[in-house]
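A.B. asks: This is query.txt (compact mmCIF, C-alpha atoms and all ligand atoms).
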# COMPACT_ATOMS: atom_id res chain seq x y z
CA MET A 1 18.29 -5.57 8.26
CA LYS A 2 15.64 -7.08 6.01
CA ALA A 3 12.49 -5.76 4.38
CA LEU A 4 9.67 -7.24 2.33
CA VAL A 5 8.05 -4.94 -0.24
CA THR A 6 4.99 -5.98 -2.24
CA GLY A 7 4.39 -4.32 -5.60
CA ALA A 8 8.09 -3.47 -5.87
CA SER A 9 8.31 -3.40 -9.66
CA SER A 10 6.63 -0.05 -10.30
CA GLY A 11 5.62 3.30 -8.84
CA ILE A 12 5.57 3.82 -5.08
CA GLY A 13 6.78 0.29 -4.25
CA LEU A 14 9.75 0.56 -6.63
CA TYR A 15 10.92 3.82 -5.05
CA ILE A 16 10.29 2.61 -1.48
CA SER A 17 12.50 -0.37 -2.37
CA ASN A 18 15.22 1.99 -3.66
CA GLU A 19 15.04 4.04 -0.44
CA LEU A 20 15.40 0.91 1.70
CA LEU A 21 18.27 -0.41 -0.47
CA ASN A 22 20.07 2.92 -0.01
CA LEU A 23 19.64 2.51 3.75
CA GLY A 24 21.36 -0.88 3.56
CA TYR A 25 18.37 -3.21 3.80
CA ASP A 26 18.35 -6.64 2.20
CA LEU A 27 15.12 -6.82 0.22
CA PHE A 28 12.53 -9.40 -0.69
CA VAL A 29 10.58 -7.87 -3.59
CA VAL A 30 7.24 -9.16 -4.82
CA ALA A 31 5.20 -8.60 -7.98
CA ARG A 32 3.70 -10.81 -10.67
CA ASP A 33 5.97 -9.88 -13.58
CA LYS A 34 9.21 -11.78 -12.87
CA LYS A 35 11.04 -10.48 -15.95
CA LYS A 36 10.33 -6.90 -14.94
CA LEU A 37 11.60 -7.54 -11.40
CA GLU A 38 14.74 -9.21 -12.81
CA LYS A 39 15.37 -6.28 -15.13
CA ILE A 40 15.06 -3.78 -12.28
CA TYR A 41 16.97 -5.65 -9.59
CA ALA A 42 19.41 -7.76 -11.69
CA LYS A 43 22.51 -5.93 -10.49
CA LYS A 44 21.53 -5.85 -6.79
CA LYS A 45 23.12 -8.64 -4.78
CA ASN A 46 21.01 -8.09 -1.69
CA VAL A 47 17.63 -8.44 -3.43
CA THR A 48 15.58 -11.64 -3.61
CA ILE A 49 12.95 -11.65 -6.33
CA ILE A 50 9.64 -13.36 -5.61
CA SER A 51 7.09 -13.59 -8.39
CA LEU A 52 3.64 -14.18 -6.92
CA ASP A 53 0.09 -13.10 -7.62
CA LEU A 54 -1.11 -11.79 -4.26
CA GLU A 55 -4.73 -11.68 -5.43
CA ASP A 56 -4.65 -15.37 -4.52
CA LYS A 57 -4.70 -15.54 -0.73
CA ASP A 58 -2.91 -18.92 -0.79
CA ASN A 59 0.06 -17.06 -2.29
CA CYS A 60 -0.01 -14.66 0.69
CA TYR A 61 0.28 -17.64 3.06
CA LYS A 62 2.98 -19.10 0.80
CA LEU A 63 4.92 -15.82 0.91
CA TYR A 64 4.79 -15.82 4.72
CA GLU A 65 5.92 -19.47 4.86
CA MET A 66 8.86 -18.63 2.56
CA LEU A 67 10.00 -15.74 4.73
CA LYS A 68 8.91 -16.49 8.30
CA ASP A 69 12.39 -17.66 9.33
CA LYS A 70 14.22 -14.83 7.58
CA ASP A 71 13.94 -12.36 10.46
CA ILE A 72 12.15 -9.69 8.42
CA ASP A 73 12.34 -6.23 10.07
CA ILE A 74 9.94 -4.33 7.80
CA LEU A 75 6.82 -5.33 5.88
CA VAL A 76 5.66 -2.85 3.25
CA ASN A 77 2.15 -3.75 2.11
CA ASN A 78 1.91 -1.83 -1.14
CA ALA A 79 0.71 -3.91 -4.12
CA GLY A 80 -2.68 -2.57 -5.12
CA PHE A 81 -4.77 -1.18 -7.95
CA GLY A 82 -7.99 0.70 -8.63
CA ASP A 83 -10.78 0.98 -11.14
CA ALA A 84 -12.85 3.97 -12.19
CA GLY A 85 -16.39 4.35 -13.45
CA LYS A 86 -19.99 4.14 -12.30
CA PHE A 87 -20.45 1.30 -9.82
CA VAL A 88 -23.27 -0.22 -11.91
CA ASP A 89 -20.99 -0.35 -14.96
CA THR A 90 -17.57 -1.37 -13.61
CA SER A 91 -16.28 -4.94 -13.91
CA LEU A 92 -17.33 -7.14 -11.00
CA LYS A 93 -14.37 -9.46 -11.65
CA LYS A 94 -11.87 -6.61 -11.55
CA GLU A 95 -13.42 -5.37 -8.29
CA VAL A 96 -13.36 -8.77 -6.61
CA ASP A 97 -9.70 -9.16 -7.69
CA MET A 98 -9.07 -5.67 -6.29
CA ILE A 99 -10.63 -6.58 -2.95
CA HIS A 100 -8.45 -9.70 -2.82
CA LEU A 101 -5.29 -7.66 -3.43
CA ASN A 102 -6.02 -4.33 -1.69
CA VAL A 103 -7.79 -5.84 1.34
CA ILE A 104 -7.17 -9.58 1.80
CA SER A 105 -3.46 -9.63 0.91
CA TYR A 106 -2.75 -6.64 3.21
CA HIS A 107 -4.79 -8.26 5.99
CA VAL A 108 -3.19 -11.71 5.74
CA LEU A 109 0.40 -10.46 5.47
CA MET A 110 -0.08 -7.85 8.18
CA LYS A 111 -1.51 -10.36 10.65
CA LEU A 112 1.02 -13.15 10.02
CA PHE A 113 4.09 -10.89 10.19
CA LEU A 114 2.67 -8.82 13.06
CA ARG A 115 2.29 -11.94 15.23
CA ASP A 116 6.01 -12.66 14.79
CA PHE A 117 6.99 -9.00 15.27
CA VAL A 118 4.96 -8.81 18.49
CA LYS A 119 6.59 -12.00 19.84
CA ARG A 120 10.03 -10.44 19.46
CA ASP A 121 8.75 -6.91 20.30
CA ARG A 122 10.40 -5.40 17.22
CA GLY A 123 9.52 -4.64 13.61
CA ARG A 124 7.71 -2.18 11.39
CA ILE A 125 4.73 -2.43 9.07
CA LEU A 126 4.00 0.25 6.49
CA ASN A 127 0.59 -0.07 4.87
CA VAL A 128 0.34 1.98 1.69
CA ALA A 129 -3.25 3.18 2.00
CA SER A 130 -4.44 6.42 0.34
CA MET A 131 -6.16 9.73 0.99
CA ALA A 132 -9.08 7.78 -0.56
CA GLY A 133 -9.28 5.81 2.67
CA PHE A 134 -10.70 8.79 4.56
CA MET A 135 -13.79 9.33 2.39
CA PRO A 136 -16.29 7.76 0.01
CA GLY A 137 -15.32 8.14 -3.66
CA PRO A 138 -18.11 8.31 -6.25
CA TYR A 139 -16.94 6.93 -9.63
CA MET A 140 -14.21 4.95 -7.87
CA ALA A 141 -16.43 3.58 -5.12
CA SER A 142 -14.86 0.15 -4.68
CA TYR A 143 -11.25 1.39 -4.66
CA TYR A 144 -12.02 4.03 -2.02
CA ALA A 145 -13.81 1.39 0.06
CA THR A 146 -10.78 -0.94 -0.06
CA LYS A 147 -8.58 1.88 1.19
CA SER A 148 -11.07 2.72 3.99
CA TYR A 149 -10.64 -0.86 5.19
CA ILE A 150 -6.86 -0.42 5.37
CA VAL A 151 -7.14 2.96 7.12
CA ASN A 152 -9.51 1.66 9.79
CA LEU A 153 -7.66 -1.62 10.29
CA THR A 154 -4.32 0.19 10.65
CA LEU A 155 -5.67 2.80 13.09
CA ALA A 156 -7.34 0.21 15.32
CA VAL A 157 -4.33 -2.09 15.46
CA TRP A 158 -2.04 0.93 16.04
CA GLU A 159 -4.08 1.70 19.18
CA GLU A 160 -3.85 -1.91 20.38
CA LEU A 161 -0.07 -1.85 19.96
CA LYS A 162 0.16 1.47 21.80
CA LYS A 163 -1.90 0.15 24.74
CA ASP A 164 0.42 -2.89 24.93
CA GLU A 165 3.46 -0.55 24.85
CA SER A 166 4.67 -2.67 21.95
CA GLY A 167 8.04 -2.13 20.32
CA VAL A 168 6.37 -2.81 16.95
CA HIS A 169 5.61 0.25 14.82
CA LEU A 170 2.65 0.46 12.46
CA SER A 171 2.28 3.27 9.92
CA MET A 172 0.08 4.01 6.95
CA PHE A 173 0.94 6.16 3.95
CA CYS A 174 -1.99 8.20 2.63
CA PRO A 175 -1.06 10.17 -0.49
CA GLY A 176 -3.38 11.76 -3.02
CA PRO A 177 -2.61 11.07 -6.69
CA VAL A 178 0.95 9.91 -7.37
CA ASP A 179 2.49 9.72 -10.84
CA THR A 180 2.75 5.91 -11.42
CA ASN A 181 1.18 3.24 -13.59
CA PHE A 182 -1.87 3.33 -11.29
CA ASN A 183 -3.99 5.62 -13.53
CA HIS A 184 -3.44 3.39 -16.56
CA VAL A 185 -4.49 0.23 -14.69
CA ALA A 186 -7.47 2.00 -13.09
CA ASN A 187 -8.62 3.76 -16.30
CA VAL A 188 -8.77 6.96 -14.31
CA LYS A 189 -7.99 10.62 -14.70
CA PHE A 190 -7.79 12.61 -11.46
CA ASN A 191 -8.73 16.27 -11.54
CA VAL A 192 -6.08 17.15 -8.96
CA PRO A 193 -2.33 17.32 -9.57
CA SER A 194 -0.22 14.25 -8.84
CA ILE A 195 3.10 14.13 -7.00
CA ASP A 196 6.27 12.41 -8.13
CA ALA A 197 6.56 8.72 -7.09
CA GLU A 198 10.15 9.07 -5.88
CA LYS A 199 9.20 12.03 -3.70
CA ALA A 200 6.17 10.13 -2.37
CA ALA A 201 8.34 7.13 -1.45
CA LYS A 202 10.85 9.32 0.40
CA ILE A 203 8.00 10.87 2.45
CA ALA A 204 6.61 7.39 3.21
CA VAL A 205 9.94 5.92 4.34
CA GLU A 206 10.90 9.00 6.38
CA GLY A 207 7.51 8.97 8.09
CA MET A 208 7.77 5.26 8.84
CA PHE A 209 11.17 5.70 10.54
CA LYS A 210 9.76 8.61 12.56
CA ASN A 211 7.11 6.14 13.84
CA LYS A 212 4.30 8.26 12.36
CA LYS A 213 0.87 6.68 12.55
CA ILE A 214 -0.54 8.56 9.51
CA ILE A 215 1.83 9.81 6.82
CA ILE A 216 0.32 12.45 4.55
CA PRO A 217 2.30 14.39 1.93
CA SER A 218 2.14 18.18 2.40
CA ASN A 219 0.01 18.72 -0.75
CA MET A 220 -2.83 16.71 0.88
CA LYS A 221 -2.72 18.05 4.46
CA LEU A 222 -5.37 20.72 3.85
CA ASN A 223 -7.63 18.21 2.05
CA TYR A 224 -7.29 15.84 5.00
CA ALA A 225 -8.21 18.57 7.48
CA LEU A 226 -11.22 19.66 5.37
CA VAL A 227 -12.50 16.10 4.96
CA LYS A 228 -12.37 15.66 8.75
CA ILE A 229 -14.59 18.69 9.43
CA SER A 230 -16.93 18.60 6.43
CA PRO A 231 -20.39 16.99 6.33
CA VAL A 232 -20.44 13.82 4.27
CA SER A 233 -22.90 15.37 1.77
CA LEU A 234 -20.29 18.04 0.95
CA VAL A 235 -17.45 15.49 0.73
CA LEU A 236 -19.56 13.40 -1.68
CA ALA A 237 -20.47 16.40 -3.83
CA VAL A 238 -16.87 17.61 -4.11
CA ASN A 239 -15.36 14.17 -4.48
CA SER A 240 -17.66 13.12 -7.30
CA ASN A 241 -15.75 15.62 -9.46
CA MET A 242 -12.29 14.42 -8.44
CA GLN A 243 -11.99 11.46 -10.82
CA GLU A 244 -13.37 10.29 -14.10
CA ARG A 245 -13.11 7.14 -16.17
CA VAL A 246 -10.96 7.28 -19.28
CA ASP A 247 -10.93 4.43 -21.76
CA GLU A 248 -7.77 4.27 -23.86
N1 LIG A 301 -0.67 6.22 -7.74
C1 LIG A 301 -1.57 6.79 -6.97
O1 LIG A 301 -2.18 7.82 -7.33
C2 LIG A 301 -1.82 6.25 -5.60
C3 LIG A 301 -2.38 7.10 -4.62
C4 LIG A 301 -2.63 6.60 -3.36
C5 LIG A 301 -2.32 5.29 -3.06
N2 LIG A 301 -1.80 4.47 -4.02
C6 LIG A 301 -1.52 3.07 -3.67
O2 LIG A 301 -0.14 2.83 -3.83
C7 LIG A 301 0.06 1.43 -4.05
C8 LIG A 301 1.03 1.24 -5.20
O3 LIG A 301 0.44 1.73 -6.39
P1 LIG A 301 1.25 2.50 -7.52
O4 LIG A 301 0.59 3.80 -7.69
O5 LIG A 301 2.70 2.48 -7.26
O6 LIG A 301 0.84 1.60 -8.78
P2 LIG A 301 1.67 0.83 -9.91
O7 LIG A 301 2.73 1.71 -10.47
O8 LIG A 301 0.63 0.29 -10.82
O9 LIG A 301 2.37 -0.39 -9.12
C9 LIG A 301 1.64 -1.49 -8.63
C10 LIG A 301 2.60 -2.58 -8.21
O10 LIG A 301 1.82 -3.67 -7.64
C11 LIG A 301 2.14 -4.89 -8.35
N3 LIG A 301 0.95 -5.73 -8.40
C12 LIG A 301 -0.23 -5.45 -9.02
N4 LIG A 301 -1.07 -6.48 -8.93
C13 LIG A 301 -0.42 -7.44 -8.20
C14 LIG A 301 -0.75 -8.75 -7.78
N5 LIG A 301 -1.95 -9.28 -8.10
N6 LIG A 301 0.14 -9.46 -7.05
C15 LIG A 301 1.36 -8.92 -6.76
N7 LIG A 301 1.74 -7.68 -7.14
C16 LIG A 301 0.86 -6.97 -7.86
C17 LIG A 301 2.59 -4.43 -9.74
O11 LIG A 301 3.42 -5.38 -10.39
P3 LIG A 301 2.81 -6.56 -11.36
O12 LIG A 301 1.79 -5.90 -12.24
O13 LIG A 301 3.99 -7.13 -12.09
O14 LIG A 301 2.22 -7.57 -10.44
C18 LIG A 301 3.41 -3.19 -9.35
O15 LIG A 301 4.68 -3.58 -8.88
C19 LIG A 301 -1.33 0.83 -4.27
O16 LIG A 301 -1.76 0.17 -3.11
C20 LIG A 301 -2.19 2.05 -4.57
O17 LIG A 301 -3.54 1.84 -4.21
C21 LIG A 301 -1.53 4.92 -5.27
Translate this file's structure into structure tokens.
C.D. replies:
Amino acid sequence: MKALVTGASSGIGLYISNELLNLGYDLFVVARDKKKLEKIYAKKKNVTIISLDLEDKDNCYKLYEMLKDKDIDILVNNAGFGDAGKFVDTSLKKEVDMIHLNVISYHVLMKLFLRDFVKRDRGRILNVASMAGFMPGPYMASYYATKSYIVNLTLAVWEELKKDESGVHLSMFCPGPVDTNFNHVANVKFNVPSIDAEKAAKIAVEGMFKNKKIIIPSNMKLNYALVKISPVSLVLAVNSNMQERVDE
């Protein structure tokens, strides 16, 4: 049993990797910081470390080429980041990089591995999306938009797989704030409590093995239900108070 986890050196991806290791999976773990990956996984014999910057789409193709003959059972698309602030003020470069990582890398890896999974009628893909994918997010507009892309892509492809009675399972994990390095990278402070990253990863992995389409931690279920029934003007008004930029 083999799994590929992107963003496996920190936060949700690190704990998803631990869960899969405990279940006996051989892992291919990806992040940019090789030394950090080596420090975390040094003692694990069944882990292959791959240091790549997935903001570069050529590296996504390269990653697929490296692993296409390895009979991967699970792809966890997880590496991602955000940025907070007024859209007119935030860094265009950081946002374009974010779109490359949060959207293009997920898209490329999902498509390439899905084609192989569909051919053999077996495999799982877990896209780490976010509660942010279900709504617009003032003061974090670009990040929320990247997650909307993942939510809508995952849902549509899920339906296609269902209609084909495919043996391939597609899930997306949609937590609210999780206690990771995310806030530091995104210069953000959320005005809602965060959940523990280990707990979040357990929920994600459990949900994936239960073939759940949408995996939402219990602390966000009411928010999800309210977003679904509320007019967009109300969602915008409430959500504009949910996050603020902090400069350290
Ligand atoms: N934390 C939250 O509140 C929250 C809530 C909902 C959804 N999410 C989503 O959960 C996912 C994981 O985030 P996290 O909270 O666990 O954040 P994190 O602790 O900052 O971890 C991000 C991981 O992605 C890797 N990464 C970042 N840029 C990369 C790149 N260009 N190429 C390859 N790997 C890269 C990082 O390693 P390197 O820096 O070494 O590359 C690290 O391993 C993201 O998609 C995020 O949007 C997070």
A.B. asks: For ligand LIG 301 (chain A), return the neighbouring residues as a ChimeraX atom specification (distance at most 8 Å; only C-alpha atoms and all ligand atoms).
C.D. replies: /A:6-14,30-34,36-37,51-56,77-82,97,101-102,128-132,143,147,173-185,194,197
A.B. asks: Would you pick out the contacts of segment 161-163 of chain A at 12 Å or less, using all atoms listed in the file, so that residues sharing its chain but fewer than 5 positions from it are not included, and give the list as a PyMOL selection string?
C.D. replies: chain A and resi 114-115+117-118+121-125+154-156+168-171+211+213
A.B. asks: Work out how far atom CA of Asp71 of chain A is from atom CA of Gly24 of chain A, in Å to one decimal.
C.D. replies: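 Result for atom CA of Gly24 of chain A versus atom CA of Asp71 of chain A: 15.3 Å, one decimal.
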A.B. asks: Pick from A:Met140, A:Ile49, A:Ala200, A:Ile40: nearest to Ala84 of chain A, with all atoms listed in the file counted?
C.D. replies: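 Closest candidate: A:Met140.
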A.B. asks: Which of these residues is nearest to Tyr15 of chain A, using all atoms listed in the file: A:Glu38, A:Glu95, A:Asp164, A:Asp196?
C.D. replies: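 That would be A:Asp196, the residue with the smallest distance to Tyr15 of chain A.
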A.B. asks: Atom CA of Asn241 of chain A and atom CA of Leu92 of chain A are how many Å apart?
C.D. replies: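 So the answer is 22.9 Å.
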A.B. asks: Please indicate the distance in Å from atom CA of Ala237 of chain A to atom CA of Asp83 of chain A, rounded to one decimal place.
C.D. replies: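 Computing the Euclidean distance for atom CA of Ala237 of chain A and atom CA of Asp83 of chain A yields 19.6 Å.
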A.B. asks: Looking at A:Tyr144, A:Asn191, A:Ala201, A:Gly137, which one is nearest to Leu234 of chain A, with distances taken over all atoms listed in the file?
C.D. replies: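 Checking each candidate against Leu234 of chain A, we get A:Gly137 as the closest.
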A.B. asks: Which residue, A:Ile214, A:Ile99, A:Val108, A:Val88, has the smallest gap to Tyr149 of chain A when you use only C-alpha atoms?
C.D. replies: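 Under the stated criterion, the closest residue is A:Ile99.
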A.B. asks: When you count all atoms listed in the file, which of these residues is closest to Ile104 of chain A: A:Ala42, A:Leu20, A:Cys60, A:Val192?
C.D. replies: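 Under the stated criterion, the closest residue is A:Cys60.
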A.B. asks: When you look at Lys44 of chain A with a cut-off of 12 Å (counting all atoms listed in the file), what residues show up, excluding the ones that are within fewer than 3 positions of it in the same chain? I need them as a list in words.
C.D. replies: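 Final neighbour list, sorted by chain and number: Ser17, Asn18, Leu21, Asn22, Gly24, Tyr25, Asp26, Leu27, Phe28, Val29, Leu37, Glu38, Lys39, Ile40, Tyr41, Val47, Thr48 and Ile49 of chain A.
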A.B. asks: Would you kindly return, as number ranges by chain, each protein, DNA or RNA residue with an atom no farther than 10 Å from any atom of Tyr64 of chain A, considering all atoms listed in the file and excluding same-chain residues fewer than 2 positions away?
C.D. replies: A: 58-62, 66-70, 108-110, 112-113
A.B. asks: From the options A:Leu236, A:Glu206, A:Val5, A:Ile74, which residue's atoms come nearest to Ile50 of chain A, counting only C-alpha atoms?
C.D. replies: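 With only C-alpha atoms as the atom set, the closest residue is A:Val5.
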